[in-house]
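Asker: Have a look at this one before I ask anything.
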Amino acid sequence: MIDWIAFDADDTLWKNEEYYIAGRNRFLEILQKYGLDTADIENYDQFEVGNIQYFGYGVMSFVLSMIEIGIEITEERIHPSDIQKLIQLAKEMLSQEVEVFEGVSLLLERLSAKFPLMLITKGDLLHQQRKFAASGLAQYFRAIEVVSDKSSAVYEGILNRYNIDPARFLMVGNSLRSDILPILELGGWAVHLADHPTWSHEDDPANQLDQEHYLEVEGISQVWDKMVEADLFSKQV
Ligand SMILES: [Mg+2]
C-alpha cells in the first residue's frame, strides 16, 4: 500500500524551534537598552513571514529579518556592535549541535527495513545538509531533498521525479501547513506529530483534512503503532 515514506527534519527528527525561541529572546535582550515599546518588538513574527518570499526559510532569513527590524524600530540607532551580536547569533545557530529526538533512530531503523525513506526539508541548503550529516541518521535514508518551500506543487515535482504514486506515499512531520496539508491535497498519506514544537506560521488550522489518509500521533514513539493500526503494513506487497 505504501511505496515510500518521507520525513520532515526540523522539529520532526531533531530539535529546532527551541533554538529560534532562544534566538528571539536574545534579540529582545539586545534591544532592551534602546527603550522601545516591547509590543513593537514582539510583533516581528509577521515581519519575518513577510521576508520568506525574499530570503526563504532558515537561520539566515531569521537573522536578516532581526537586523532589518532592529534598524527599523530603533530608527537607525542600533549600534553596529549589536548587529555584530546578531550575526554571531546566526553563526551559533548554524553550528548548533544536532539533538535528535528520543525514539527517532529506532523508528527509522525499523521503517527503513520495510520501506525506502526520504528526507524532505526546507531551509538553508548548507545548514540542512550539515544537520543531516551530523544527525547520524543518513544511513536510514535513500534520498534527501532540500527545498525552498513545501507547497503541493513542490511535492508533486518530487513524486514525479521519483515516479511515486501519491496514494502510495506517506509523509511524517510536525507542520500541518508544510508537511501534512499539501500531501493530503495530492492524495497521499500523512502522519502529524501533534505534540512536537512548531512555529506558529507552520501551524495552519486543519479544517480541510482528508480524514481517511490523515493520522495523528503525539510523538515519534507512536508512529509505528499508528501505521500498524491503519493497516499500512499488512497490505505491503
Ligand atoms: Mg518541521
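In the C-alpha cells, chains take the letters A, B, ... in the order shown, each chain's residues start at 1, and ligands count up from 1 in the order shown.
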Within 8 Å of A:Ser178, counting only C-alpha atoms, which residues qualify if same-chain residues fewer than 3 places away don't, as an mmCIF file with all heavy atoms, in the first residue's frame?
Answerer:
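Saved as selection_11.cif:
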data_model
loop_
_atom_site.group_PDB
_atom_site.id
_atom_site.type_symbol
_atom_site.label_atom_id
_atom_site.label_comp_id
_atom_site.auth_asym_id
_atom_site.auth_seq_id
_atom_site.Cartn_x
_atom_site.Cartn_y
_atom_site.Cartn_z
ATOM 1 N N LYS A 150 7.514 24.204 0.781
ATOM 2 C CA LYS A 150 6.854 22.903 0.753
ATOM 3 C C LYS A 150 5.404 23.051 0.303
ATOM 4 O O LYS A 150 4.477 22.777 1.067
ATOM 5 C CB LYS A 150 6.931 22.242 2.129
ATOM 6 C CG LYS A 150 8.296 21.634 2.438
ATOM 7 C CD LYS A 150 8.305 21.039 3.821
ATOM 8 C CE LYS A 150 9.409 20.013 3.988
ATOM 9 N NZ LYS A 150 9.413 19.474 5.364
ATOM 10 N N SER A 151 5.229 23.479 -0.921
ATOM 11 C CA SER A 151 3.888 23.572 -1.490
ATOM 12 C C SER A 151 3.536 22.226 -2.107
ATOM 13 O O SER A 151 4.415 21.390 -2.335
ATOM 14 C CB SER A 151 3.867 24.651 -2.572
ATOM 15 O OG SER A 151 4.734 24.273 -3.620
ATOM 16 N N SER A 175 4.547 19.897 10.925
ATOM 17 C CA SER A 175 3.865 21.100 10.451
ATOM 18 C C SER A 175 2.659 20.777 9.578
ATOM 19 O O SER A 175 2.793 20.173 8.513
ATOM 20 C CB SER A 175 4.847 21.962 9.649
ATOM 21 O OG SER A 175 4.134 22.921 8.904
ATOM 22 N N LEU A 181 -0.891 19.094 5.029
ATOM 23 C CA LEU A 181 -1.949 19.516 4.100
ATOM 24 C C LEU A 181 -1.575 19.344 2.622
ATOM 25 O O LEU A 181 -2.391 18.842 1.845
ATOM 26 C CB LEU A 181 -2.378 20.955 4.405
ATOM 27 C CG LEU A 181 -3.052 21.130 5.776
ATOM 28 C CD1 LEU A 181 -3.323 22.605 6.074
ATOM 29 C CD2 LEU A 181 -4.358 20.344 5.839
ATOM 30 N N PRO A 182 -0.346 19.728 2.204
ATOM 31 C CA PRO A 182 -0.018 19.559 0.768
ATOM 32 C C PRO A 182 -0.026 18.094 0.336
ATOM 33 O O PRO A 182 -0.398 17.787 -0.800
ATOM 34 C CB PRO A 182 1.398 20.139 0.633
ATOM 35 C CG PRO A 182 1.663 20.888 1.883
ATOM 36 C CD PRO A 182 0.764 20.347 2.941
ATOM 37 N N GLU A 202 3.693 27.745 10.909
ATOM 38 C CA GLU A 202 3.555 26.404 10.321
ATOM 39 C C GLU A 202 2.296 25.684 10.787
ATOM 40 O O GLU A 202 1.996 24.592 10.355
ATOM 41 C CB GLU A 202 4.773 25.545 10.699
ATOM 42 C CG GLU A 202 6.098 26.069 10.174
ATOM 43 C CD GLU A 202 6.224 25.908 8.659
ATOM 44 O OE1 GLU A 202 5.385 25.240 8.050
ATOM 45 O OE2 GLU A 202 7.175 26.478 8.104
#
Asker: Distance limit 7 Å, reference ligand 1, atoms considered: only C-alpha atoms and all ligand atoms. Which residues make the cut? Give them as a PyMOL selection string.
Answerer: chain A and resi 8-12+173-175
Asker: With a distance cut-off of 9 Å and only C-alpha atoms, select the neighbouring residues of A:Phe169, excluding the residue or stretch itself and same-chain residues fewer than 2 positions from it, and output the selection as number ranges by chain.
Answerer: A: 1-6, 159, 164-167, 171, 183, 187-190
Asker: Mind pulling up the distance from atom CA of A:Gly136 to atom CA of A:Ala230?
Answerer: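 Separating atom CA of A:Ala230 from atom CA of A:Gly136 is a distance of 29.2 Å.
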Asker: Would you mind telling me which residue in A:Ala113, A:Leu64, A:Leu232, A:Met93 lies nearest to A:Ile21 when using only C-alpha atoms?
Answerer: A:Met93
Asker: So how far away is atom CA of A:Phe101 from atom CA of A:Arg26, in Å?
Answerer: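 It comes out at 24.3 Å.
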Asker: Would you return as a PyMOL selection string the members of stretch 106-237 of chain A that DSSP assigns to strand (DSSP E or B) on this structure's backbone?
Answerer: chain A and resi 117-122+143-147+169-173+189-193+214-217
Asker: Between A:Ile158, A:Ile120, A:Leu36, A:Ile41, which is the closest to A:Ile69 once you count only C-alpha atoms?
Answerer: A:Ile41
Asker: When you draw a straight line from atom CA of A:Gln222 to atom CA of A:Val59, how long is it in Å?
Answerer: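 A separation of 29.9 Å between them.
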Asker: Please identify the helix (DSSP H, G or I) residues within stretch 21-91 of chain A (assignment by DSSP from backbone atoms) and present them as a ChimeraX atom specification.
Answerer: /A:21-34,38-42,44-55,59-73,80-91
Asker: Using only C-alpha atoms, find the one residue out of A:Glu42, A:Gly123, A:Val98, A:Asp231 that sits nearest to A:Phe62.
Answerer: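 Of A:Glu42, A:Gly123, A:Val98, A:Asp231, the one nearest A:Phe62 is A:Gly123, counting only C-alpha atoms.
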Asker: Set the distance at 9 Å and use only C-alpha atoms: which residues neighbour A:Trp199 once local chain neighbours fewer than 2 positions away are removed? I'd like the list as a list of chain:residue names.
Answerer: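 Non-adjacent residues within range: A:Glu17, A:Tyr20, A:Ser175, A:Pro197, A:His201, A:Glu202, A:Asp203.
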Asker: From the set A:Gln88, A:Thr38, A:Gln53, A:Asn16, which residue has the shortest atom-to-atom contact distance to A:Ser148, counting only C-alpha atoms?
Answerer: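 Closest to A:Ser148 of all the choices is A:Gln53.
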Asker: Here is a test: counting only C-alpha atoms, which residue of A:Glu185, A:Asp179, A:Glu29, A:Asp195 is nearest to A:Asp82?
Answerer: A:Glu29
Asker: Pick from A:Lys122, A:Arg177, A:His196, A:Arg142: nearest to A:Gly58, with only C-alpha atoms counted?
Answerer: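 Under the stated criterion, the closest residue is A:Lys122.
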Asker: Write out as a list in words the residues lying within 12 Å of A:Leu126, counting only C-alpha atoms and excluding same-chain residues fewer than 5 positions away.
Answerer: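 Once the nearby chain positions are removed, what remains is Gly58, Val59, Met60, Leu94, Ser95, Thr121, Lys131, Phe132, Ala133, Val146 and Val147 of chain A.
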